[in-house]
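Undergrad: Quick one: the structure is below, questions incoming.
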There are 2 protein chains.
Amino acid sequence: MSLTDDLLRANAAYVEVFDASGLQQRPLKELAILTCMDSRYTAQGVIGLALGDAHVIRNAGGRVTEDAIRSLVLSAVLLGTRACVVIHHSDCGLFGRSDEELRQRVADVAGARVTFDFLPFHDLEQSVRDDVHALRACPYFPEGYEIVGFTYDVRTGRLQQIDDSP
Amino acid sequence: MSLTDDLLRANAAYVEVFDASGLQQRPLKELAILTCMDSRYTAQGVIGLALGDAHVIRNAGGRVTEDAIRSLVLSAVLLGTRACVVIHHSDCGLFGRSDEELRQRVADVAGARVTFDFLPFHDLEQSVRDDVHALRACPYFPEGYEIVGFTYDVRTGRLQQIDDSP
């Protein structure tokens, strides 16, 4: 079986039970989540969301990048979300790494030098605080747009609110 | 109740039933998914994945951006994924829009002109093809890294494989 065959077979089972009723383009809870690509949790699971409730933006670390801002601004301005929840997690692949180490790893494996920054971090709570502040400084969100930050513990499933005073 | 209170209350219910056993940092199926932030589906649901199976990268449209490449390369080189599944979907907020229209919308709502491209598209299958080709042209993936593309129909739940010949 090829990867494509496996995916289509799994999807056929999903189609059997799928029900699109009640789902619409604009998120029902007017919420966007920015979090890591990590495989061990879903944003929906961790905060009890149903299909249709919220936009979910995921990248390595859950970091605020130009692409995350592109997505969050579109979510807010075009599709009516009014708040963003930033969640970074324990045991992240970016934690405690250096950019130089990661670039060397790519060079060793793929034979090419990357030109971008991998955005590693060394303090989990501070990385949430930094990203909450970066979003608050962004001029593209509507008046009253709310931004809150949490850490997520992959061993316990627990969210912890991050005090985001500067 | 504040947003934070709501989230923490929902998370407390998750923590009650959460079981971290079997979960590890490296995705068990050695797979990464790149898809849209849309609220109406999860990548895990659509292709029958369990927690721990795959990295999930989500942004507006599921587009290949520098940030998506940062995440996918980290996923492959540091955390052992060997394939990427690109999924764009029907009724996407970016479909049929123009960059100028979206920039104007932000200017109207927030009073600031964005400097980036929103990456709208006008042909769903072609946007998948374009992004599959963009990833294949990226020099940072290990030898043998596989990239496949699909569309997802938000009304039926069905994936469709995209012929990605140029």
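Chain labels A, B, ... are given in the sequence in which chains occur in the structure tokens; within each chain residues are numbered consecutively from 1, and ligands are likewise numbered from 1 in the order shown.
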Excluding same-chain residues fewer than 5 positions from Leu51 of chain B, what lies within 9 Å of it counting only C-alpha atoms, as a VMD selection string?
TA: (chain A and resid 39 to 42) or (chain B and resid 23 27 44)
Undergrad: Pick out the residues sitting within 9 Å of Gly144 of chain B, and hand them over as a ChimeraX atom specification; count only C-alpha atoms, and ignore anything fewer than 3 positions along from it in its own chain.
TA: /B:82-83,141
Undergrad: Could you tell me which residues of chain A sit within 6 Å of chain B when counting only C-alpha atoms, and give me the result as a PyMOL selection string?
TA: chain A and resi 7+10-11+15+20+37-40+46-48+51-52+54-60+71+109-110+140-142+155+157-158
Undergrad: What are the coordinates of chain A as a PDB file with C-alpha atoms, in the first residue's frame following a least-squares fit to chain B on all in-order C-alpha atoms?
TA:
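Once written, superposed.pdb looks like this:
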```pdb
ATOM      1  CA  MET A   1     -16.565  34.458  33.119  1.00  0.00           C
ATOM      2  CA  SER A   2     -13.469  35.624  31.251  1.00  0.00           C
ATOM      3  CA  LEU A   3     -12.073  33.819  28.205  1.00  0.00           C
ATOM      4  CA  THR A   4      -9.215  32.515  30.378  1.00  0.00           C
ATOM      5  CA  ASP A   5     -11.636  31.132  32.980  1.00  0.00           C
ATOM      6  CA  ASP A   6     -13.626  29.368  30.252  1.00  0.00           C
ATOM      7  CA  LEU A   7     -10.482  27.791  28.784  1.00  0.00           C
ATOM      8  CA  LEU A   8      -9.166  26.630  32.154  1.00  0.00           C
ATOM      9  CA  ARG A   9     -12.508  25.111  33.081  1.00  0.00           C
ATOM     10  CA  ALA A  10     -12.679  23.195  29.783  1.00  0.00           C
ATOM     11  CA  ASN A  11      -9.072  22.084  30.247  1.00  0.00           C
ATOM     12  CA  ALA A  12      -9.769  20.762  33.752  1.00  0.00           C
ATOM     13  CA  ALA A  13     -12.230  18.278  32.240  1.00  0.00           C
ATOM     14  CA  TYR A  14      -9.583  17.233  29.698  1.00  0.00           C
ATOM     15  CA  VAL A  15      -6.955  16.681  32.417  1.00  0.00           C
ATOM     16  CA  GLU A  16      -9.369  14.346  34.248  1.00  0.00           C
ATOM     17  CA  VAL A  17      -9.376  11.848  31.374  1.00  0.00           C
ATOM     18  CA  PHE A  18      -5.978  12.580  29.790  1.00  0.00           C
ATOM     19  CA  ASP A  19      -3.554   9.684  29.418  1.00  0.00           C
ATOM     20  CA  ALA A  20      -0.025  10.478  28.175  1.00  0.00           C
ATOM     21  CA  SER A  21       1.105   6.877  27.939  1.00  0.00           C
ATOM     22  CA  GLY A  22       2.490   5.939  24.541  1.00  0.00           C
ATOM     23  CA  LEU A  23       2.970   9.564  23.505  1.00  0.00           C
ATOM     24  CA  GLN A  24       6.477  10.680  22.545  1.00  0.00           C
ATOM     25  CA  GLN A  25       8.138  13.663  20.885  1.00  0.00           C
ATOM     26  CA  ARG A  26       8.781  11.888  17.559  1.00  0.00           C
ATOM     27  CA  PRO A  27       5.567  11.274  15.572  1.00  0.00           C
ATOM     28  CA  LEU A  28       4.817   7.549  15.483  1.00  0.00           C
ATOM     29  CA  LYS A  29       3.697   7.500  11.842  1.00  0.00           C
ATOM     30  CA  GLU A  30       6.663   9.684  10.738  1.00  0.00           C
ATOM     31  CA  LEU A  31       4.190  11.985   9.024  1.00  0.00           C
ATOM     32  CA  ALA A  32       3.564  15.740   8.800  1.00  0.00           C
ATOM     33  CA  ILE A  33       0.348  17.349   7.558  1.00  0.00           C
ATOM     34  CA  LEU A  34       0.210  20.873   6.111  1.00  0.00           C
ATOM     35  CA  THR A  35      -3.337  22.167   5.956  1.00  0.00           C
ATOM     36  CA  CYS A  36      -5.617  25.154   6.526  1.00  0.00           C
ATOM     37  CA  MET A  37      -6.603  26.697   9.872  1.00  0.00           C
ATOM     38  CA  ASP A  38     -10.287  26.152   8.941  1.00  0.00           C
ATOM     39  CA  SER A  39     -12.478  25.260  11.931  1.00  0.00           C
ATOM     40  CA  ARG A  40     -14.611  22.624  10.183  1.00  0.00           C
ATOM     41  CA  TYR A  41     -12.124  19.736  10.221  1.00  0.00           C
ATOM     42  CA  THR A  42      -9.051  18.429  11.965  1.00  0.00           C
ATOM     43  CA  ALA A  43      -6.224  16.771  10.047  1.00  0.00           C
ATOM     44  CA  GLN A  44      -6.362  13.930  12.550  1.00  0.00           C
ATOM     45  CA  GLY A  45     -10.055  13.299  11.953  1.00  0.00           C
ATOM     46  CA  VAL A  46      -9.950  13.449   8.182  1.00  0.00           C
ATOM     47  CA  ILE A  47      -7.219  10.824   7.830  1.00  0.00           C
ATOM     48  CA  GLY A  48      -7.914   8.803  10.957  1.00  0.00           C
ATOM     49  CA  LEU A  49      -4.841   9.713  13.015  1.00  0.00           C
ATOM     50  CA  ALA A  50      -4.444   9.197  16.737  1.00  0.00           C
ATOM     51  CA  LEU A  51      -2.628  11.479  19.186  1.00  0.00           C
ATOM     52  CA  GLY A  52       1.102  10.963  18.706  1.00  0.00           C
ATOM     53  CA  ASP A  53       0.930   9.991  15.037  1.00  0.00           C
ATOM     54  CA  ALA A  54       1.802  13.133  13.085  1.00  0.00           C
ATOM     55  CA  HIS A  55       2.894  16.758  13.184  1.00  0.00           C
ATOM     56  CA  VAL A  56       0.170  19.149  12.065  1.00  0.00           C
ATOM     57  CA  ILE A  57       1.071  22.509  10.538  1.00  0.00           C
ATOM     58  CA  ARG A  58      -1.878  24.803   9.883  1.00  0.00           C
ATOM     59  CA  ASN A  59      -2.106  28.300   8.413  1.00  0.00           C
ATOM     60  CA  ALA A  60      -4.532  30.299   6.288  1.00  0.00           C
ATOM     61  CA  GLY A  61      -5.009  28.108   3.220  1.00  0.00           C
ATOM     62  CA  GLY A  62      -2.468  25.438   4.125  1.00  0.00           C
ATOM     63  CA  ARG A  63       0.002  27.355   1.954  1.00  0.00           C
ATOM     64  CA  VAL A  64       3.728  26.716   1.647  1.00  0.00           C
ATOM     65  CA  THR A  65       5.385  29.706   3.312  1.00  0.00           C
ATOM     66  CA  GLU A  66       8.811  30.185   4.871  1.00  0.00           C
ATOM     67  CA  ASP A  67       7.218  29.374   8.232  1.00  0.00           C
ATOM     68  CA  ALA A  68       5.647  26.163   6.911  1.00  0.00           C
ATOM     69  CA  ILE A  69       9.048  25.171   5.492  1.00  0.00           C
ATOM     70  CA  ARG A  70      10.740  26.008   8.825  1.00  0.00           C
ATOM     71  CA  SER A  71       8.257  23.722  10.575  1.00  0.00           C
ATOM     72  CA  LEU A  72       8.369  20.872   8.040  1.00  0.00           C
ATOM     73  CA  VAL A  73      12.173  20.871   7.853  1.00  0.00           C
ATOM     74  CA  LEU A  74      12.451  20.775  11.644  1.00  0.00           C
ATOM     75  CA  SER A  75       9.879  17.975  11.676  1.00  0.00           C
ATOM     76  CA  ALA A  76      11.873  15.957   9.134  1.00  0.00           C
ATOM     77  CA  VAL A  77      15.452  16.650  10.166  1.00  0.00           C
ATOM     78  CA  LEU A  78      15.109  16.798  13.950  1.00  0.00           C
ATOM     79  CA  LEU A  79      12.032  14.658  14.610  1.00  0.00           C
ATOM     80  CA  GLY A  80      12.163  12.005  11.907  1.00  0.00           C
ATOM     81  CA  THR A  81       9.112  12.608   9.710  1.00  0.00           C
ATOM     82  CA  ARG A  82       9.526  11.197   6.205  1.00  0.00           C
ATOM     83  CA  ALA A  83       6.506  12.529   4.333  1.00  0.00           C
ATOM     84  CA  CYS A  84       4.277  15.600   4.094  1.00  0.00           C
ATOM     85  CA  VAL A  85       0.596  15.571   3.190  1.00  0.00           C
ATOM     86  CA  VAL A  86      -0.662  18.903   1.774  1.00  0.00           C
ATOM     87  CA  ILE A  87      -4.436  19.392   2.115  1.00  0.00           C
ATOM     88  CA  HIS A  88      -6.346  22.469   0.834  1.00  0.00           C
ATOM     89  CA  HIS A  89     -10.128  22.585   1.150  1.00  0.00           C
ATOM     90  CA  SER A  90     -13.312  23.769  -0.536  1.00  0.00           C
ATOM     91  CA  ASP A  91     -15.026  27.003   0.639  1.00  0.00           C
ATOM     92  CA  CYS A  92     -11.708  28.420   1.906  1.00  0.00           C
ATOM     93  CA  GLY A  93     -11.715  32.063   3.024  1.00  0.00           C
ATOM     94  CA  LEU A  94      -8.776  32.720   0.675  1.00  0.00           C
ATOM     95  CA  PHE A  95     -10.537  31.335  -2.385  1.00  0.00           C
ATOM     96  CA  GLY A  96     -11.363  33.876  -5.079  1.00  0.00           C
ATOM     97  CA  ARG A  97     -10.048  36.819  -3.064  1.00  0.00           C
ATOM     98  CA  SER A  98      -7.471  39.349  -4.176  1.00  0.00           C
ATOM     99  CA  ASP A  99      -4.611  40.613  -2.108  1.00  0.00           C
ATOM    100  CA  GLU A 100      -5.689  44.202  -2.673  1.00  0.00           C
ATOM    101  CA  GLU A 101      -9.225  43.441  -1.438  1.00  0.00           C
ATOM    102  CA  LEU A 102      -7.875  41.808   1.731  1.00  0.00           C
ATOM    103  CA  ARG A 103      -5.427  44.650   2.413  1.00  0.00           C
ATOM    104  CA  GLN A 104      -8.223  47.173   2.004  1.00  0.00           C
ATOM    105  CA  ARG A 105     -10.342  45.172   4.456  1.00  0.00           C
ATOM    106  CA  VAL A 106      -7.585  45.339   7.084  1.00  0.00           C
ATOM    107  CA  ALA A 107      -7.093  49.051   6.435  1.00  0.00           C
ATOM    108  CA  ASP A 108     -10.836  49.648   6.897  1.00  0.00           C
ATOM    109  CA  VAL A 109     -11.074  47.602  10.110  1.00  0.00           C
ATOM    110  CA  ALA A 110      -7.708  48.275  11.784  1.00  0.00           C
ATOM    111  CA  GLY A 111      -6.464  51.438  10.092  1.00  0.00           C
ATOM    112  CA  ALA A 112      -3.117  49.977   8.985  1.00  0.00           C
ATOM    113  CA  ARG A 113      -1.766  48.727   5.635  1.00  0.00           C
ATOM    114  CA  VAL A 114      -0.320  45.217   5.750  1.00  0.00           C
ATOM    115  CA  THR A 115       3.005  44.683   4.040  1.00  0.00           C
ATOM    116  CA  PHE A 116       2.701  40.950   3.335  1.00  0.00           C
ATOM    117  CA  ASP A 117       0.809  38.893   0.760  1.00  0.00           C
ATOM    118  CA  PHE A 118      -2.282  37.001   1.991  1.00  0.00           C
ATOM    119  CA  LEU A 119      -1.701  34.211  -0.594  1.00  0.00           C
ATOM    120  CA  PRO A 120      -5.263  33.968  -1.949  1.00  0.00           C
ATOM    121  CA  PHE A 121      -5.938  31.512  -4.767  1.00  0.00           C
ATOM    122  CA  HIS A 122      -8.440  31.065  -7.578  1.00  0.00           C
ATOM    123  CA  ASP A 123      -8.123  27.358  -8.441  1.00  0.00           C
ATOM    124  CA  LEU A 124      -8.230  24.866  -5.576  1.00  0.00           C
ATOM    125  CA  GLU A 125      -6.542  21.955  -7.324  1.00  0.00           C
ATOM    126  CA  GLN A 126      -3.880  24.219  -8.811  1.00  0.00           C
ATOM    127  CA  SER A 127      -3.072  25.703  -5.389  1.00  0.00           C
ATOM    128  CA  VAL A 128      -2.393  22.181  -4.085  1.00  0.00           C
ATOM    129  CA  ARG A 129      -0.252  21.429  -7.141  1.00  0.00           C
ATOM    130  CA  ASP A 130       1.675  24.695  -6.742  1.00  0.00           C
ATOM    131  CA  ASP A 131       2.390  23.993  -3.089  1.00  0.00           C
ATOM    132  CA  VAL A 132       3.421  20.360  -3.680  1.00  0.00           C
ATOM    133  CA  HIS A 133       5.846  21.611  -6.329  1.00  0.00           C
ATOM    134  CA  ALA A 134       7.150  24.349  -4.029  1.00  0.00           C
ATOM    135  CA  LEU A 135       7.946  21.758  -1.359  1.00  0.00           C
ATOM    136  CA  ARG A 136       9.553  19.405  -3.881  1.00  0.00           C
ATOM    137  CA  ALA A 137      11.818  22.267  -4.973  1.00  0.00           C
ATOM    138  CA  CYS A 138      12.942  22.897  -1.382  1.00  0.00           C
ATOM    139  CA  PRO A 139      16.539  21.682  -0.850  1.00  0.00           C
ATOM    140  CA  TYR A 140      16.257  21.158   2.927  1.00  0.00           C
ATOM    141  CA  PHE A 141      14.510  17.767   3.067  1.00  0.00           C
ATOM    142  CA  PRO A 142      16.315  14.444   3.430  1.00  0.00           C
ATOM    143  CA  GLU A 143      16.712  12.072   0.461  1.00  0.00           C
ATOM    144  CA  GLY A 144      13.500  10.108  -0.141  1.00  0.00           C
ATOM    145  CA  TYR A 145      11.203  12.619   1.605  1.00  0.00           C
ATOM    146  CA  GLU A 146       7.723  12.146   0.124  1.00  0.00           C
ATOM    147  CA  ILE A 147       5.180  14.911  -0.641  1.00  0.00           C
ATOM    148  CA  VAL A 148       1.570  14.206  -1.650  1.00  0.00           C
ATOM    149  CA  GLY A 149      -1.368  16.572  -2.224  1.00  0.00           C
ATOM    150  CA  PHE A 150      -5.134  16.384  -1.668  1.00  0.00           C
ATOM    151  CA  THR A 151      -8.213  18.538  -1.689  1.00  0.00           C
ATOM    152  CA  TYR A 152     -10.783  18.193   1.112  1.00  0.00           C
ATOM    153  CA  ASP A 153     -14.499  18.797   0.600  1.00  0.00           C
ATOM    154  CA  VAL A 154     -15.977  20.439   3.708  1.00  0.00           C
ATOM    155  CA  ARG A 155     -19.516  19.335   2.761  1.00  0.00           C
ATOM    156  CA  THR A 156     -18.806  15.632   2.265  1.00  0.00           C
ATOM    157  CA  GLY A 157     -15.647  15.049   4.342  1.00  0.00           C
ATOM    158  CA  ARG A 158     -13.985  13.520   1.283  1.00  0.00           C
ATOM    159  CA  LEU A 159     -10.302  13.784   0.314  1.00  0.00           C
ATOM    160  CA  GLN A 160      -9.371  13.765  -3.351  1.00  0.00           C
ATOM    161  CA  GLN A 161      -5.869  13.013  -4.523  1.00  0.00           C
ATOM    162  CA  ILE A 162      -4.392  15.695  -6.771  1.00  0.00           C
ATOM    163  CA  ASP A 163      -2.433  14.658  -9.812  1.00  0.00           C
ATOM    164  CA  ASP A 164       0.742  16.622  -9.236  1.00  0.00           C
ATOM    165  CA  SER A 165       2.455  16.176 -12.576  1.00  0.00           C
ATOM    166  CA  PRO A 166       3.655  19.631 -13.660  1.00  0.00           C
TER     167      PRO A 166
END
```
Undergrad: Using DSSP secondary structure from the backbone, list all helix (DSSP H, G or I) positions within chain A, as a ChimeraX atom specification.
TA: /A:3-17,43-46,60-62,66-77,99-110,124-136
Undergrad: Save out the residues we just selected, C-alpha atoms, as a PDB file, in the first residue's frame.
TA:
```
ATOM      1  CA  LEU A   3       0.893   6.439   1.572  1.00  0.00           C
ATOM      2  CA  THR A   4      -1.883   7.832  -0.651  1.00  0.00           C
ATOM      3  CA  ASP A   5      -3.804   4.538  -0.558  1.00  0.00           C
ATOM      4  CA  ASP A   6      -3.539   4.443   3.241  1.00  0.00           C
ATOM      5  CA  LEU A   7      -4.831   8.014   3.560  1.00  0.00           C
ATOM      6  CA  LEU A   8      -7.740   7.460   1.178  1.00  0.00           C
ATOM      7  CA  ARG A   9      -8.760   4.279   2.960  1.00  0.00           C
ATOM      8  CA  ALA A  10      -8.737   6.036   6.349  1.00  0.00           C
ATOM      9  CA  ASN A  11     -10.677   8.943   4.851  1.00  0.00           C
ATOM     10  CA  ALA A  12     -13.356   6.629   3.442  1.00  0.00           C
ATOM     11  CA  ALA A  13     -14.192   5.560   7.001  1.00  0.00           C
ATOM     12  CA  TYR A  14     -14.404   9.228   8.032  1.00  0.00           C
ATOM     13  CA  VAL A  15     -16.761  10.073   5.145  1.00  0.00           C
ATOM     14  CA  GLU A  16     -19.113   7.274   6.272  1.00  0.00           C
ATOM     15  CA  VAL A  17     -19.823   8.998   9.592  1.00  0.00           C
ATOM     16  CA  ALA A  43      -5.929  22.433  20.339  1.00  0.00           C
ATOM     17  CA  GLN A  44      -9.525  21.253  20.154  1.00  0.00           C
ATOM     18  CA  GLY A  45      -8.976  18.497  22.702  1.00  0.00           C
ATOM     19  CA  VAL A  46      -7.032  20.553  25.201  1.00  0.00           C
ATOM     20  CA  ALA A  60       6.989  24.644  15.026  1.00  0.00           C
ATOM     21  CA  GLY A  61       6.733  26.046  18.550  1.00  0.00           C
ATOM     22  CA  GLY A  62       3.488  27.957  18.083  1.00  0.00           C
ATOM     23  CA  GLU A  66       4.723  36.692   9.568  1.00  0.00           C
ATOM     24  CA  ASP A  67       2.738  33.650   8.428  1.00  0.00           C
ATOM     25  CA  ALA A  68       1.002  33.298  11.802  1.00  0.00           C
ATOM     26  CA  ILE A  69       0.126  37.009  11.655  1.00  0.00           C
ATOM     27  CA  ARG A  70      -1.154  36.616   8.066  1.00  0.00           C
ATOM     28  CA  SER A  71      -3.410  33.798   9.257  1.00  0.00           C
ATOM     29  CA  LEU A  72      -4.609  35.476  12.469  1.00  0.00           C
ATOM     30  CA  VAL A  73      -5.334  38.794  10.744  1.00  0.00           C
ATOM     31  CA  LEU A  74      -7.324  37.046   8.016  1.00  0.00           C
ATOM     32  CA  SER A  75      -9.158  35.100  10.719  1.00  0.00           C
ATOM     33  CA  ALA A  76     -10.053  38.301  12.580  1.00  0.00           C
ATOM     34  CA  VAL A  77     -10.737  40.727   9.750  1.00  0.00           C
ATOM     35  CA  ASP A  99      19.830  28.077  15.500  1.00  0.00           C
ATOM     36  CA  GLU A 100      23.373  27.143  14.534  1.00  0.00           C
ATOM     37  CA  GLU A 101      22.885  23.570  15.796  1.00  0.00           C
ATOM     38  CA  LEU A 102      19.668  23.192  13.786  1.00  0.00           C
ATOM     39  CA  ARG A 103      21.215  24.654  10.624  1.00  0.00           C
ATOM     40  CA  GLN A 104      24.149  22.280  10.947  1.00  0.00           C
ATOM     41  CA  ARG A 105      21.714  19.376  11.322  1.00  0.00           C
ATOM     42  CA  VAL A 106      19.983  20.313   8.057  1.00  0.00           C
ATOM     43  CA  ALA A 107      23.334  20.743   6.320  1.00  0.00           C
ATOM     44  CA  ASP A 108      24.417  17.279   7.508  1.00  0.00           C
ATOM     45  CA  VAL A 109      21.169  15.572   6.459  1.00  0.00           C
ATOM     46  CA  ALA A 110      20.200  17.481   3.297  1.00  0.00           C
ATOM     47  CA  LEU A 124       8.972  28.226  27.957  1.00  0.00           C
ATOM     48  CA  GLU A 125       6.999  30.831  29.882  1.00  0.00           C
ATOM     49  CA  GLN A 126       9.069  33.664  28.432  1.00  0.00           C
ATOM     50  CA  SER A 127       8.483  32.419  24.871  1.00  0.00           C
ATOM     51  CA  VAL A 128       4.721  32.621  25.482  1.00  0.00           C
ATOM     52  CA  ARG A 129       5.116  36.105  26.964  1.00  0.00           C
ATOM     53  CA  ASP A 130       7.272  37.236  24.030  1.00  0.00           C
ATOM     54  CA  ASP A 131       4.743  35.985  21.503  1.00  0.00           C
ATOM     55  CA  VAL A 132       1.736  37.489  23.321  1.00  0.00           C
ATOM     56  CA  HIS A 133       3.567  40.823  23.329  1.00  0.00           C
ATOM     57  CA  ALA A 134       4.481  40.476  19.650  1.00  0.00           C
ATOM     58  CA  LEU A 135       0.816  39.977  18.762  1.00  0.00           C
ATOM     59  CA  ARG A 136      -0.290  42.869  20.974  1.00  0.00           C
TER      60      ARG A 136
END
```
Undergrad: Enumerate the residues of segment 27-139 of chain A with a DSSP assignment of strand (DSSP E or B), computed from the backbone, and present them as an MDAnalysis selection string.
TA: chainID A and resid 31:36 54:59 83:89 95 121
Undergrad: Could you turn the residues from that selection into a file that holds N, CA, C and O atoms, as a JSON list (two decimals), in the first residue's frame?
TA:
```
[["chain", "number", "residue", "atom", "x", "y", "z"],
["A", 31, "LEU", "N", -12.98, 32.44, 17.81],
["A", 31, "LEU", "CA", -11.71, 32.21, 18.49],
["A", 31, "LEU", "C", -10.67, 31.67, 17.51],
["A", 31, "LEU", "O", -11.01, 30.91, 16.60],
["A", 32, "ALA", "N", -9.41, 32.06, 17.71],
["A", 32, "ALA", "CA", -8.29, 31.46, 16.98],
["A", 32, "ALA", "C", -7.27, 30.98, 17.99],
["A", 32, "ALA", "O", -7.05, 31.62, 19.02],
["A", 33, "ILE", "N", -6.68, 29.83, 17.70],
["A", 33, "ILE", "CA", -5.64, 29.25, 18.57],
["A", 33, "ILE", "C", -4.34, 29.26, 17.78],
["A", 33, "ILE", "O", -4.33, 28.85, 16.62],
["A", 34, "LEU", "N", -3.25, 29.69, 18.40],
["A", 34, "LEU", "CA", -1.92, 29.58, 17.79],
["A", 34, "LEU", "C", -1.11, 28.65, 18.67],
["A", 34, "LEU", "O", -0.85, 28.96, 19.84],
["A", 35, "THR", "N", -0.72, 27.50, 18.12],
["A", 35, "THR", "CA", 0.01, 26.55, 18.95],
["A", 35, "THR", "C", 0.99, 25.75, 18.10],
["A", 35, "THR", "O", 1.12, 25.96, 16.89],
["A", 36, "CYS", "N", 1.69, 24.82, 18.75],
["A", 36, "CYS", "CA", 2.75, 24.06, 18.09],
["A", 36, "CYS", "C", 2.19, 22.94, 17.23],
["A", 36, "CYS", "O", 1.06, 22.48, 17.41],
["A", 54, "ALA", "N", -13.38, 27.07, 16.20],
["A", 54, "ALA", "CA", -12.21, 27.95, 16.22],
["A", 54, "ALA", "C", -11.25, 27.66, 15.08],
["A", 54, "ALA", "O", -11.11, 26.51, 14.65],
["A", 55, "HIS", "N", -10.57, 28.69, 14.61],
["A", 55, "HIS", "CA", -9.43, 28.50, 13.71],
["A", 55, "HIS", "C", -8.24, 27.97, 14.52],
["A", 55, "HIS", "O", -8.05, 28.38, 15.68],
["A", 56, "VAL", "N", -7.46, 27.11, 13.90],
["A", 56, "VAL", "CA", -6.27, 26.57, 14.57],
["A", 56, "VAL", "C", -5.06, 26.79, 13.66],
["A", 56, "VAL", "O", -4.99, 26.23, 12.56],
["A", 57, "ILE", "N", -4.14, 27.60, 14.14],
["A", 57, "ILE", "CA", -2.88, 27.84, 13.42],
["A", 57, "ILE", "C", -1.79, 27.08, 14.18],
["A", 57, "ILE", "O", -1.65, 27.22, 15.40],
["A", 58, "ARG", "N", -1.04, 26.27, 13.46],
["A", 58, "ARG", "CA", 0.02, 25.49, 14.11],
["A", 58, "ARG", "C", 1.32, 25.60, 13.32],
["A", 58, "ARG", "O", 1.31, 25.48, 12.09],
["A", 59, "ASN", "N", 2.42, 25.79, 14.03],
["A", 59, "ASN", "CA", 3.74, 25.76, 13.41],
["A", 59, "ASN", "C", 4.73, 25.24, 14.46],
["A", 59, "ASN", "O", 4.33, 24.94, 15.59],
["A", 83, "ALA", "N", -10.49, 36.86, 19.33],
["A", 83, "ALA", "CA", -9.46, 36.58, 20.35],
["A", 83, "ALA", "C", -8.51, 35.52, 19.82],
["A", 83, "ALA", "O", -8.90, 34.67, 19.01],
["A", 84, "CYS", "N", -7.27, 35.57, 20.31],
["A", 84, "CYS", "CA", -6.27, 34.55, 19.98],
["A", 84, "CYS", "C", -5.70, 33.96, 21.26],
["A", 84, "CYS", "O", -5.34, 34.69, 22.19],
["A", 85, "VAL", "N", -5.63, 32.64, 21.30],
["A", 85, "VAL", "CA", -5.06, 31.91, 22.43],
["A", 85, "VAL", "C", -3.71, 31.34, 21.98],
["A", 85, "VAL", "O", -3.67, 30.52, 21.07],
["A", 86, "VAL", "N", -2.63, 31.79, 22.59],
["A", 86, "VAL", "CA", -1.28, 31.30, 22.28],
["A", 86, "VAL", "C", -0.94, 30.19, 23.26],
["A", 86, "VAL", "O", -1.02, 30.39, 24.48],
["A", 87, "ILE", "N", -0.58, 29.01, 22.75],
["A", 87, "ILE", "CA", -0.23, 27.88, 23.62],
["A", 87, "ILE", "C", 1.12, 27.29, 23.18],
["A", 87, "ILE", "O", 1.23, 26.79, 22.05],
["A", 88, "HIS", "N", 2.14, 27.38, 24.04],
["A", 88, "HIS", "CA", 3.41, 26.67, 23.83],
["A", 88, "HIS", "C", 3.46, 25.51, 24.83],
["A", 88, "HIS", "O", 2.78, 25.56, 25.85],
["A", 89, "HIS", "N", 4.25, 24.49, 24.55],
["A", 89, "HIS", "CA", 4.17, 23.29, 25.39],
["A", 89, "HIS", "C", 5.52, 22.80, 25.89],
["A", 89, "HIS", "O", 6.57, 23.09, 25.31],
["A", 95, "PHE", "N", 12.91, 23.59, 22.14],
["A", 95, "PHE", "CA", 13.38, 24.03, 23.46],
["A", 95, "PHE", "C", 14.87, 23.70, 23.65],
["A", 95, "PHE", "O", 15.29, 22.56, 23.43],
["A", 121, "PHE", "N", 13.85, 28.34, 21.56],
["A", 121, "PHE", "CA", 13.71, 29.15, 22.78],
["A", 121, "PHE", "C", 14.27, 28.39, 23.98],
["A", 121, "PHE", "O", 14.42, 27.17, 23.93]]
```
